[in-house]
>>> print(open('work-v7.cif').read())   # mmCIF, N, CA and C atoms
data_protein
loop_
_atom_site.label_atom_id
_atom_site.label_comp_id
_atom_site.auth_asym_id
_atom_site.auth_seq_id
_atom_site.Cartn_x
_atom_site.Cartn_y
_atom_site.Cartn_z
N MET A 1 218.64 179.00 229.49
CA MET A 1 218.90 180.40 229.54
C MET A 1 218.91 180.96 228.12
N ALA A 2 218.17 182.03 227.93
CA ALA A 2 218.04 182.63 226.61
C ALA A 2 219.20 183.58 226.36
N LEU A 3 219.67 183.53 225.13
CA LEU A 3 220.77 184.42 224.74
C LEU A 3 220.20 185.73 224.24
N LYS A 4 220.75 186.79 224.69
CA LYS A 4 220.33 188.10 224.24
C LYS A 4 221.41 188.66 223.33
N ARG A 5 220.95 189.11 222.15
CA ARG A 5 221.89 189.70 221.20
C ARG A 5 221.66 191.20 221.15
N LYS A 6 222.73 191.88 221.05
CA LYS A 6 222.64 193.31 220.89
C LYS A 6 222.76 193.62 219.41
N VAL A 7 221.81 194.42 218.92
CA VAL A 7 221.81 194.82 217.52
C VAL A 7 222.32 196.25 217.46
N LYS A 8 223.31 196.44 216.60
CA LYS A 8 223.85 197.78 216.45
C LYS A 8 223.08 198.50 215.34
N ILE A 9 222.66 199.69 215.61
CA ILE A 9 221.99 200.52 214.62
C ILE A 9 222.98 201.57 214.17
N ASN A 10 223.13 201.65 212.84
CA ASN A 10 224.07 202.60 212.28
C ASN A 10 223.39 203.96 212.18
N PRO A 11 223.81 204.93 212.95
CA PRO A 11 223.16 206.25 212.91
C PRO A 11 223.51 207.04 211.64
N ASN A 12 224.45 206.57 210.86
CA ASN A 12 224.89 207.29 209.66
C ASN A 12 224.37 206.61 208.39
N PHE A 13 223.12 206.17 208.39
CA PHE A 13 222.53 205.50 207.22
C PHE A 13 222.36 206.51 206.08
N SER A 14 222.79 206.13 204.88
CA SER A 14 222.73 207.03 203.74
C SER A 14 221.53 206.70 202.86
N MET A 15 220.77 207.71 202.50
CA MET A 15 219.60 207.53 201.63
C MET A 15 219.96 207.76 200.16
N ALA A 16 221.19 207.96 199.83
CA ALA A 16 221.61 208.28 198.47
C ALA A 16 221.22 207.19 197.48
N SER A 17 221.44 205.94 197.83
CA SER A 17 221.09 204.87 196.90
C SER A 17 219.58 204.75 196.72
N MET A 18 218.82 205.01 197.75
CA MET A 18 217.35 204.97 197.66
C MET A 18 216.84 206.09 196.76
N THR A 19 217.40 207.26 196.89
CA THR A 19 216.96 208.37 196.03
C THR A 19 217.36 208.13 194.57
N ASP A 20 218.46 207.47 194.34
CA ASP A 20 218.85 207.13 192.96
C ASP A 20 217.82 206.20 192.33
N ILE A 21 217.37 205.22 193.08
CA ILE A 21 216.37 204.27 192.57
C ILE A 21 215.05 204.99 192.29
N ILE A 22 214.63 205.84 193.19
CA ILE A 22 213.38 206.58 193.00
C ILE A 22 213.49 207.51 191.79
N PHE A 23 214.63 208.15 191.63
CA PHE A 23 214.84 209.04 190.48
C PHE A 23 214.77 208.25 189.17
N LEU A 24 215.39 207.08 189.12
CA LEU A 24 215.34 206.25 187.91
C LEU A 24 213.92 205.77 187.61
N LEU A 25 213.17 205.41 188.64
CA LEU A 25 211.77 205.02 188.43
C LEU A 25 210.95 206.18 187.90
N LEU A 26 211.19 207.37 188.42
CA LEU A 26 210.48 208.55 187.95
C LEU A 26 210.77 208.80 186.47
N ILE A 27 212.01 208.72 186.07
CA ILE A 27 212.38 208.90 184.66
C ILE A 27 211.73 207.82 183.80
N PHE A 28 211.74 206.59 184.26
CA PHE A 28 211.14 205.48 183.51
C PHE A 28 209.65 205.74 183.26
N PHE A 29 208.90 206.12 184.29
CA PHE A 29 207.46 206.35 184.12
C PHE A 29 207.16 207.58 183.28
N MET A 30 208.01 208.60 183.38
CA MET A 30 207.80 209.78 182.54
C MET A 30 208.01 209.45 181.07
N VAL A 31 209.01 208.65 180.77
CA VAL A 31 209.28 208.30 179.37
C VAL A 31 208.20 207.37 178.83
N THR A 32 207.78 206.38 179.58
CA THR A 32 206.79 205.43 179.08
C THR A 32 205.40 206.04 178.99
N SER A 33 205.10 207.06 179.80
CA SER A 33 203.76 207.67 179.72
C SER A 33 203.58 208.48 178.46
N THR A 34 204.65 208.94 177.83
CA THR A 34 204.52 209.68 176.58
C THR A 34 204.22 208.78 175.40
N VAL A 35 204.43 207.48 175.55
CA VAL A 35 204.17 206.53 174.47
C VAL A 35 202.68 206.19 174.38
N VAL A 36 201.96 206.28 175.47
CA VAL A 36 200.55 205.91 175.51
C VAL A 36 199.73 206.99 174.80
N VAL A 37 198.93 206.56 173.81
CA VAL A 37 198.08 207.49 173.07
C VAL A 37 196.63 207.03 173.24
N PRO A 38 195.79 207.84 173.87
CA PRO A 38 194.39 207.42 174.05
C PRO A 38 193.63 207.48 172.73
N ASN A 39 192.71 206.55 172.55
CA ASN A 39 191.86 206.52 171.36
C ASN A 39 190.52 207.14 171.73
N ALA A 40 190.26 208.35 171.24
CA ALA A 40 189.08 209.10 171.64
C ALA A 40 187.83 208.69 170.87
N ILE A 41 187.98 208.30 169.61
CA ILE A 41 186.81 207.95 168.79
C ILE A 41 186.89 206.48 168.43
N LYS A 42 185.86 205.75 168.78
CA LYS A 42 185.80 204.33 168.45
C LYS A 42 185.45 204.15 166.99
N VAL A 43 186.03 203.15 166.36
CA VAL A 43 185.78 202.89 164.94
C VAL A 43 184.44 202.19 164.74
N THR A 44 183.92 201.54 165.75
CA THR A 44 182.70 200.73 165.62
C THR A 44 181.44 201.52 165.95
N LEU A 45 181.38 202.79 165.58
CA LEU A 45 180.21 203.59 165.90
C LEU A 45 178.90 203.14 165.26
N PRO A 46 178.87 202.64 164.04
CA PRO A 46 177.58 202.28 163.46
C PRO A 46 176.85 201.16 164.19
N GLN A 47 177.56 200.23 164.83
CA GLN A 47 176.92 199.15 165.57
C GLN A 47 177.41 199.14 167.01
N SER A 48 176.53 198.72 167.92
CA SER A 48 176.95 198.60 169.31
C SER A 48 176.18 197.47 169.98
N GLN A 49 176.77 196.93 171.03
CA GLN A 49 176.12 195.86 171.77
C GLN A 49 175.23 196.41 172.87
N LYS A 50 175.55 197.58 173.39
CA LYS A 50 174.76 198.17 174.48
C LYS A 50 173.95 199.33 173.96
N GLN A 51 172.82 199.52 174.55
CA GLN A 51 171.97 200.66 174.24
C GLN A 51 171.88 201.52 175.50
N THR A 52 171.83 202.82 175.30
CA THR A 52 171.77 203.73 176.44
C THR A 52 170.38 203.75 177.05
N ALA A 53 170.32 203.97 178.34
CA ALA A 53 169.03 204.05 179.03
C ALA A 53 168.47 205.46 178.99
N ALA A 54 169.30 206.44 178.60
CA ALA A 54 168.86 207.83 178.56
C ALA A 54 167.92 208.04 177.38
N LYS A 55 166.84 208.73 177.62
CA LYS A 55 165.88 209.05 176.58
C LYS A 55 166.17 210.46 176.07
N PRO A 56 166.78 210.58 174.89
CA PRO A 56 167.10 211.91 174.41
C PRO A 56 165.85 212.69 174.02
N LEU A 57 165.85 213.96 174.32
CA LEU A 57 164.72 214.82 173.99
C LEU A 57 164.92 215.51 172.65
N SER A 58 166.17 215.82 172.33
CA SER A 58 166.48 216.49 171.07
C SER A 58 167.26 215.55 170.17
N ARG A 59 167.06 215.72 168.87
CA ARG A 59 167.74 214.87 167.91
C ARG A 59 168.39 215.72 166.83
N VAL A 60 169.61 215.34 166.48
CA VAL A 60 170.30 215.92 165.34
C VAL A 60 170.63 214.76 164.42
N THR A 61 170.22 214.87 163.16
CA THR A 61 170.42 213.78 162.20
C THR A 61 171.24 214.31 161.03
N ILE A 62 172.23 213.50 160.62
CA ILE A 62 173.03 213.82 159.44
C ILE A 62 172.85 212.67 158.45
N ASP A 63 172.29 212.97 157.26
CA ASP A 63 172.10 211.89 156.30
C ASP A 63 173.34 211.73 155.42
N LYS A 64 173.30 210.77 154.52
CA LYS A 64 174.48 210.46 153.71
C LYS A 64 174.85 211.59 152.75
N ASN A 65 173.92 212.51 152.47
CA ASN A 65 174.19 213.66 151.61
C ASN A 65 174.63 214.88 152.41
N LEU A 66 174.92 214.69 153.69
CA LEU A 66 175.37 215.72 154.63
C LEU A 66 174.34 216.82 154.83
N ASN A 67 173.07 216.44 154.83
CA ASN A 67 171.99 217.35 155.20
C ASN A 67 171.75 217.21 156.69
N TYR A 68 171.49 218.32 157.35
CA TYR A 68 171.26 218.33 158.79
C TYR A 68 169.78 218.48 159.09
N TYR A 69 169.30 217.69 160.06
CA TYR A 69 167.91 217.74 160.49
C TYR A 69 167.90 217.83 162.02
N VAL A 70 166.94 218.56 162.57
CA VAL A 70 166.79 218.66 164.02
C VAL A 70 165.34 218.40 164.39
N ALA A 71 165.15 217.91 165.61
CA ALA A 71 163.80 217.67 166.13
C ALA A 71 163.85 217.68 167.64
N TYR A 72 162.70 217.92 168.26
CA TYR A 72 162.58 217.93 169.71
C TYR A 72 161.38 217.09 170.11
N GLY A 73 161.58 216.18 171.05
CA GLY A 73 160.48 215.34 171.53
C GLY A 73 159.87 214.51 170.41
N ASN A 74 158.56 214.61 170.25
CA ASN A 74 157.86 213.85 169.23
C ASN A 74 157.71 214.60 167.91
N GLN A 75 158.36 215.75 167.79
CA GLN A 75 158.27 216.52 166.56
C GLN A 75 158.92 215.76 165.40
N ARG A 76 158.48 216.12 164.22
CA ARG A 76 159.07 215.56 163.02
C ARG A 76 160.35 216.34 162.70
N GLU A 77 161.37 215.66 162.16
CA GLU A 77 162.63 216.31 161.83
C GLU A 77 162.43 217.37 160.76
N LYS A 78 163.11 218.51 160.95
CA LYS A 78 163.08 219.54 159.92
C LYS A 78 164.51 219.84 159.51
N GLN A 79 164.70 220.07 158.21
CA GLN A 79 166.03 220.33 157.69
C GLN A 79 166.46 221.75 158.04
N VAL A 80 167.72 221.87 158.49
CA VAL A 80 168.28 223.17 158.86
C VAL A 80 169.70 223.27 158.31
N ALA A 81 170.19 224.50 158.27
CA ALA A 81 171.60 224.71 157.94
C ALA A 81 172.43 224.38 159.18
N PHE A 82 173.70 224.07 158.96
CA PHE A 82 174.57 223.72 160.08
C PHE A 82 174.62 224.84 161.13
N ASP A 83 174.66 226.07 160.70
CA ASP A 83 174.76 227.21 161.61
C ASP A 83 173.52 227.37 162.50
N ASP A 84 172.39 226.78 162.11
CA ASP A 84 171.17 226.91 162.90
C ASP A 84 171.04 225.85 164.00
N ILE A 85 171.92 224.87 163.99
CA ILE A 85 171.83 223.79 164.99
C ILE A 85 172.06 224.33 166.39
N THR A 86 173.05 225.19 166.56
CA THR A 86 173.37 225.73 167.89
C THR A 86 172.19 226.49 168.48
N ALA A 87 171.58 227.36 167.68
CA ALA A 87 170.45 228.14 168.18
C ALA A 87 169.28 227.23 168.57
N PHE A 88 169.02 226.21 167.76
CA PHE A 88 167.94 225.27 168.05
C PHE A 88 168.19 224.56 169.39
N LEU A 89 169.39 224.03 169.58
CA LEU A 89 169.70 223.29 170.81
C LEU A 89 169.72 224.20 172.03
N GLN A 90 170.20 225.43 171.89
CA GLN A 90 170.20 226.35 173.01
C GLN A 90 168.78 226.70 173.44
N GLU A 91 167.89 226.87 172.47
CA GLU A 91 166.50 227.17 172.80
C GLU A 91 165.85 225.99 173.54
N ARG A 92 166.12 224.79 173.11
CA ARG A 92 165.57 223.61 173.77
C ARG A 92 166.18 223.42 175.16
N TYR A 93 167.45 223.78 175.29
CA TYR A 93 168.13 223.65 176.58
C TYR A 93 167.51 224.57 177.62
N THR A 94 167.06 225.75 177.21
CA THR A 94 166.42 226.65 178.17
C THR A 94 165.10 226.08 178.66
N GLN A 95 164.43 225.28 177.81
CA GLN A 95 163.19 224.64 178.21
C GLN A 95 163.44 223.43 179.12
N GLU A 96 164.51 222.68 178.83
CA GLU A 96 164.81 221.45 179.57
C GLU A 96 166.31 221.35 179.80
N PRO A 97 166.84 221.87 180.91
CA PRO A 97 168.29 221.86 181.14
C PRO A 97 168.90 220.47 181.29
N GLU A 98 168.11 219.47 181.60
CA GLU A 98 168.64 218.11 181.77
C GLU A 98 168.48 217.26 180.52
N MET A 99 168.29 217.88 179.39
CA MET A 99 168.04 217.13 178.16
C MET A 99 169.30 216.45 177.64
N PHE A 100 169.10 215.37 176.92
CA PHE A 100 170.14 214.68 176.18
C PHE A 100 169.90 214.96 174.70
N VAL A 101 170.97 215.08 173.96
CA VAL A 101 170.88 215.28 172.52
C VAL A 101 171.39 214.02 171.85
N ALA A 102 170.55 213.41 171.01
CA ALA A 102 170.95 212.21 170.28
C ALA A 102 171.46 212.63 168.91
N LEU A 103 172.59 212.08 168.53
CA LEU A 103 173.16 212.35 167.22
C LEU A 103 173.02 211.10 166.36
N TYR A 104 172.20 211.19 165.32
CA TYR A 104 172.02 210.11 164.36
C TYR A 104 172.80 210.47 163.11
N ALA A 105 173.81 209.68 162.78
CA ALA A 105 174.61 209.96 161.59
C ALA A 105 174.71 208.69 160.76
N ASP A 106 174.50 208.83 159.47
CA ASP A 106 174.66 207.71 158.55
C ASP A 106 176.10 207.21 158.64
N GLU A 107 176.29 205.90 158.50
CA GLU A 107 177.64 205.37 158.66
C GLU A 107 178.60 205.83 157.57
N SER A 108 178.11 206.39 156.48
CA SER A 108 178.99 206.90 155.43
C SER A 108 179.39 208.36 155.67
N VAL A 109 178.86 208.98 156.71
CA VAL A 109 179.18 210.38 157.02
C VAL A 109 180.61 210.45 157.55
N PRO A 110 181.43 211.37 157.02
CA PRO A 110 182.80 211.51 157.53
C PRO A 110 182.81 211.96 158.99
N TYR A 111 183.82 211.54 159.72
CA TYR A 111 183.92 211.88 161.14
C TYR A 111 183.97 213.38 161.38
N ARG A 112 184.54 214.12 160.45
CA ARG A 112 184.65 215.57 160.67
C ARG A 112 183.28 216.21 160.84
N GLU A 113 182.26 215.66 160.16
CA GLU A 113 180.91 216.20 160.30
C GLU A 113 180.33 215.86 161.68
N ILE A 114 180.61 214.67 162.14
CA ILE A 114 180.15 214.24 163.47
C ILE A 114 180.84 215.06 164.55
N VAL A 115 182.14 215.28 164.39
CA VAL A 115 182.91 216.03 165.38
C VAL A 115 182.45 217.48 165.42
N LYS A 116 182.04 218.05 164.30
CA LYS A 116 181.54 219.42 164.30
C LYS A 116 180.30 219.54 165.20
N VAL A 117 179.41 218.55 165.14
CA VAL A 117 178.22 218.58 166.00
C VAL A 117 178.61 218.32 167.45
N LEU A 118 179.55 217.42 167.68
CA LEU A 118 180.02 217.16 169.04
C LEU A 118 180.68 218.41 169.64
N ASN A 119 181.36 219.18 168.83
CA ASN A 119 181.96 220.43 169.32
C ASN A 119 180.90 221.43 169.77
N ILE A 120 179.77 221.48 169.05
CA ILE A 120 178.67 222.35 169.47
C ILE A 120 178.19 221.94 170.86
N ALA A 121 178.02 220.63 171.04
CA ALA A 121 177.56 220.13 172.34
C ALA A 121 178.58 220.41 173.43
N ASN A 122 179.85 220.25 173.13
CA ASN A 122 180.90 220.47 174.11
C ASN A 122 180.96 221.94 174.54
N LYS A 123 180.89 222.85 173.58
CA LYS A 123 180.95 224.28 173.90
C LYS A 123 179.78 224.72 174.77
N ASN A 124 178.62 224.12 174.56
CA ASN A 124 177.41 224.53 175.28
C ASN A 124 177.08 223.63 176.47
N LYS A 125 177.95 222.66 176.76
CA LYS A 125 177.77 221.73 177.88
C LYS A 125 176.50 220.89 177.76
N PHE A 126 176.13 220.52 176.52
CA PHE A 126 174.99 219.62 176.32
C PHE A 126 175.44 218.19 176.52
N LYS A 127 174.54 217.36 177.02
CA LYS A 127 174.81 215.93 177.16
C LYS A 127 174.49 215.27 175.82
N MET A 128 175.47 214.59 175.24
CA MET A 128 175.33 214.05 173.90
C MET A 128 175.34 212.52 173.93
N VAL A 129 174.49 211.93 173.09
CA VAL A 129 174.41 210.48 172.95
C VAL A 129 174.59 210.16 171.47
N LEU A 130 175.53 209.28 171.15
CA LEU A 130 175.69 208.84 169.77
C LEU A 130 174.77 207.66 169.52
N ALA A 131 173.86 207.81 168.59
CA ALA A 131 172.91 206.75 168.30
C ALA A 131 173.57 205.72 167.39
N THR A 132 173.38 204.45 167.72
CA THR A 132 173.92 203.35 166.93
C THR A 132 172.83 202.31 166.75
N ARG A 133 173.05 201.40 165.84
CA ARG A 133 172.09 200.29 165.68
C ARG A 133 172.64 199.08 166.42
N PRO A 134 171.75 198.26 166.95
CA PRO A 134 172.21 197.07 167.69
C PRO A 134 173.00 196.13 166.79
N GLN A 135 174.01 195.51 167.38
CA GLN A 135 174.82 194.56 166.65
C GLN A 135 174.04 193.26 166.47
N ARG A 136 174.10 192.72 165.30
CA ARG A 136 173.39 191.46 165.02
C ARG A 136 174.20 190.28 165.55
N ASN A 137 173.49 189.32 166.12
CA ASN A 137 174.13 188.09 166.60
C ASN A 137 174.07 187.05 165.49
N ASN A 138 175.23 186.73 164.91
CA ASN A 138 175.29 185.73 163.83
C ASN A 138 175.73 184.40 164.37
#
>>> encode(input="work-v7.cif", output="structure tokens")
Amino acid sequence: MALKRKVKINPNFSMASMTDIIFLLLIFFMVTSTVVVPNAIKVTLPQSQKQTAAKPLSRVTIDKNLNYYVAYGNQREKQVAFDDITAFLQERYTQEPEMFVALYADESVPYREIVKVLNIANKNKFKMVLATRPQRNN
């Protein structure tokens, strides 16, 4: 003969302790999330192991003397002032809305110069590719 047990259910169950635990977890995650700082710019820009499959149509080049050059397709690079880069890229964008812009910058160029060109691309919603040289296998 099987024994049957009656289980009593307490209708007055309190959720206070459960809410205390959830509140403490919420505070913990809020405090620890402020410690995390994302790194937006990689330090290893001059060399990379992967190459992009996108074929950029427009090119912006910054040499070590901070001269700016632009080109489209198979054209030869022509030197321009920084203020003329936006107009050049906007004109090319009207011809090819799906274009990628490749940014070639000498490794001695300060980041502020690179970021200035990236800001132009960001404001105009251009797709930007940072050109790097392949990493050598030693």
>>> atom_distance(input="work-v7.cif", atom1="atom N of A:Asp83", atom2="atom C of A:Ser108")
19.0 Å
>>> residues_near_point(input="work-v7.cif", point="(170.5, 209.5, 165.5)", cutoff="6 Å", atoms="all atoms listed in the file", output="list in words")
Val60, Thr61, Ala102, Leu103, Tyr104, Ala105 and Ala131 of chain A
>>> atom_distance(input="work-v7.cif", atom1="atom CA of A:Gly73", atom2="atom C of A:Gln95")
11.5 Å
>>> atom_distance(input="work-v7.cif", atom1="atom N of A:Ser58", atom2="atom CA of A:Thr86")
13.0 Å
>>> resolve_selection(input="work-v7.cif", expression="the PyMOL selection byres ((chain A and resi 69) around 5)", output="JSON, numbers by chain")
{"A": [60, 61, 67, 68, 70, 71, 78, 79, 80]}
>>> write_last_selection(input="work-v7.cif", atoms="N, CA and C atoms", output="mmCIF file, keeping the file's coordinate frame")
data_model
loop_
_atom_site.group_PDB
_atom_site.id
_atom_site.type_symbol
_atom_site.label_atom_id
_atom_site.label_comp_id
_atom_site.auth_asym_id
_atom_site.auth_seq_id
_atom_site.Cartn_x
_atom_site.Cartn_y
_atom_site.Cartn_z
ATOM 1 N N VAL A 60 169.610 215.340 166.480
ATOM 2 C CA VAL A 60 170.300 215.920 165.340
ATOM 3 C C VAL A 60 170.630 214.760 164.420
ATOM 4 N N THR A 61 170.220 214.870 163.160
ATOM 5 C CA THR A 61 170.420 213.780 162.200
ATOM 6 C C THR A 61 171.240 214.310 161.030
ATOM 7 N N ASN A 67 173.070 216.440 154.830
ATOM 8 C CA ASN A 67 171.990 217.350 155.200
ATOM 9 C C ASN A 67 171.750 217.210 156.690
ATOM 10 N N TYR A 68 171.490 218.320 157.350
ATOM 11 C CA TYR A 68 171.260 218.330 158.790
ATOM 12 C C TYR A 68 169.780 218.480 159.090
ATOM 13 N N VAL A 70 166.940 218.560 162.570
ATOM 14 C CA VAL A 70 166.790 218.660 164.020
ATOM 15 C C VAL A 70 165.340 218.400 164.390
ATOM 16 N N ALA A 71 165.150 217.910 165.610
ATOM 17 C CA ALA A 71 163.800 217.670 166.130
ATOM 18 C C ALA A 71 163.850 217.680 167.640
ATOM 19 N N LYS A 78 163.110 218.510 160.950
ATOM 20 C CA LYS A 78 163.080 219.540 159.920
ATOM 21 C C LYS A 78 164.510 219.840 159.510
ATOM 22 N N GLN A 79 164.700 220.070 158.210
ATOM 23 C CA GLN A 79 166.030 220.330 157.690
ATOM 24 C C GLN A 79 166.460 221.750 158.040
ATOM 25 N N VAL A 80 167.720 221.870 158.490
ATOM 26 C CA VAL A 80 168.280 223.170 158.860
ATOM 27 C C VAL A 80 169.700 223.270 158.310
#
>>> decode(input="work-v7.cif", residues="stretch 20-34 of chain A", atoms="N, CA, C and O atoms", output="compact mmCIF listing (two decimals), in the first residue's frame")
# COMPACT_ATOMS: atom_id res chain seq x y z
N ASP A 20 14.97 41.70 -3.03
CA ASP A 20 16.23 42.23 -2.49
C ASP A 20 17.41 41.69 -3.29
O ASP A 20 18.35 42.43 -3.63
N ILE A 21 17.38 40.41 -3.61
CA ILE A 21 18.47 39.79 -4.38
C ILE A 21 18.52 40.38 -5.79
O ILE A 21 19.59 40.72 -6.29
N ILE A 22 17.38 40.54 -6.42
CA ILE A 22 17.35 41.11 -7.77
C ILE A 22 17.84 42.56 -7.75
O ILE A 22 18.59 42.99 -8.62
N PHE A 23 17.46 43.31 -6.74
CA PHE A 23 17.90 44.70 -6.62
C PHE A 23 19.43 44.76 -6.45
O PHE A 23 20.10 45.59 -7.07
N LEU A 24 19.99 43.89 -5.62
CA LEU A 24 21.45 43.87 -5.44
C LEU A 24 22.17 43.47 -6.72
O LEU A 24 23.23 44.03 -7.05
N LEU A 25 21.62 42.52 -7.46
CA LEU A 25 22.23 42.15 -8.75
C LEU A 25 22.18 43.30 -9.74
O LEU A 25 23.14 43.56 -10.48
N LEU A 26 21.08 44.03 -9.75
CA LEU A 26 20.95 45.18 -10.63
C LEU A 26 22.00 46.24 -10.29
O LEU A 26 22.68 46.77 -11.19
N ILE A 27 22.19 46.53 -9.03
CA ILE A 27 23.21 47.51 -8.62
C ILE A 27 24.59 47.01 -9.00
O ILE A 27 25.42 47.77 -9.50
N PHE A 28 24.87 45.74 -8.79
CA PHE A 28 26.17 45.16 -9.13
C PHE A 28 26.48 45.34 -10.61
O PHE A 28 27.56 45.80 -10.99
N PHE A 29 25.54 45.00 -11.49
CA PHE A 29 25.78 45.11 -12.93
C PHE A 29 25.87 46.56 -13.40
O PHE A 29 26.61 46.88 -14.31
N MET A 30 25.12 47.45 -12.76
CA MET A 30 25.22 48.86 -13.12
C MET A 30 26.58 49.43 -12.76
O MET A 30 27.17 50.19 -13.53
N VAL A 31 27.11 49.05 -11.61
CA VAL A 31 28.42 49.56 -11.19
C VAL A 31 29.53 48.96 -12.04
O VAL A 31 30.44 49.67 -12.48
N THR A 32 29.49 47.67 -12.32
CA THR A 32 30.57 47.05 -13.09
C THR A 32 30.53 47.44 -14.56
O THR A 32 31.57 47.44 -15.22
N SER A 33 29.37 47.81 -15.09
CA SER A 33 29.32 48.19 -16.51
C SER A 33 29.96 49.54 -16.76
O SER A 33 30.38 49.83 -17.87
N THR A 34 30.08 50.39 -15.75
CA THR A 34 30.74 51.68 -15.92
C THR A 34 32.25 51.54 -15.98
O THR A 34 32.94 52.45 -16.43
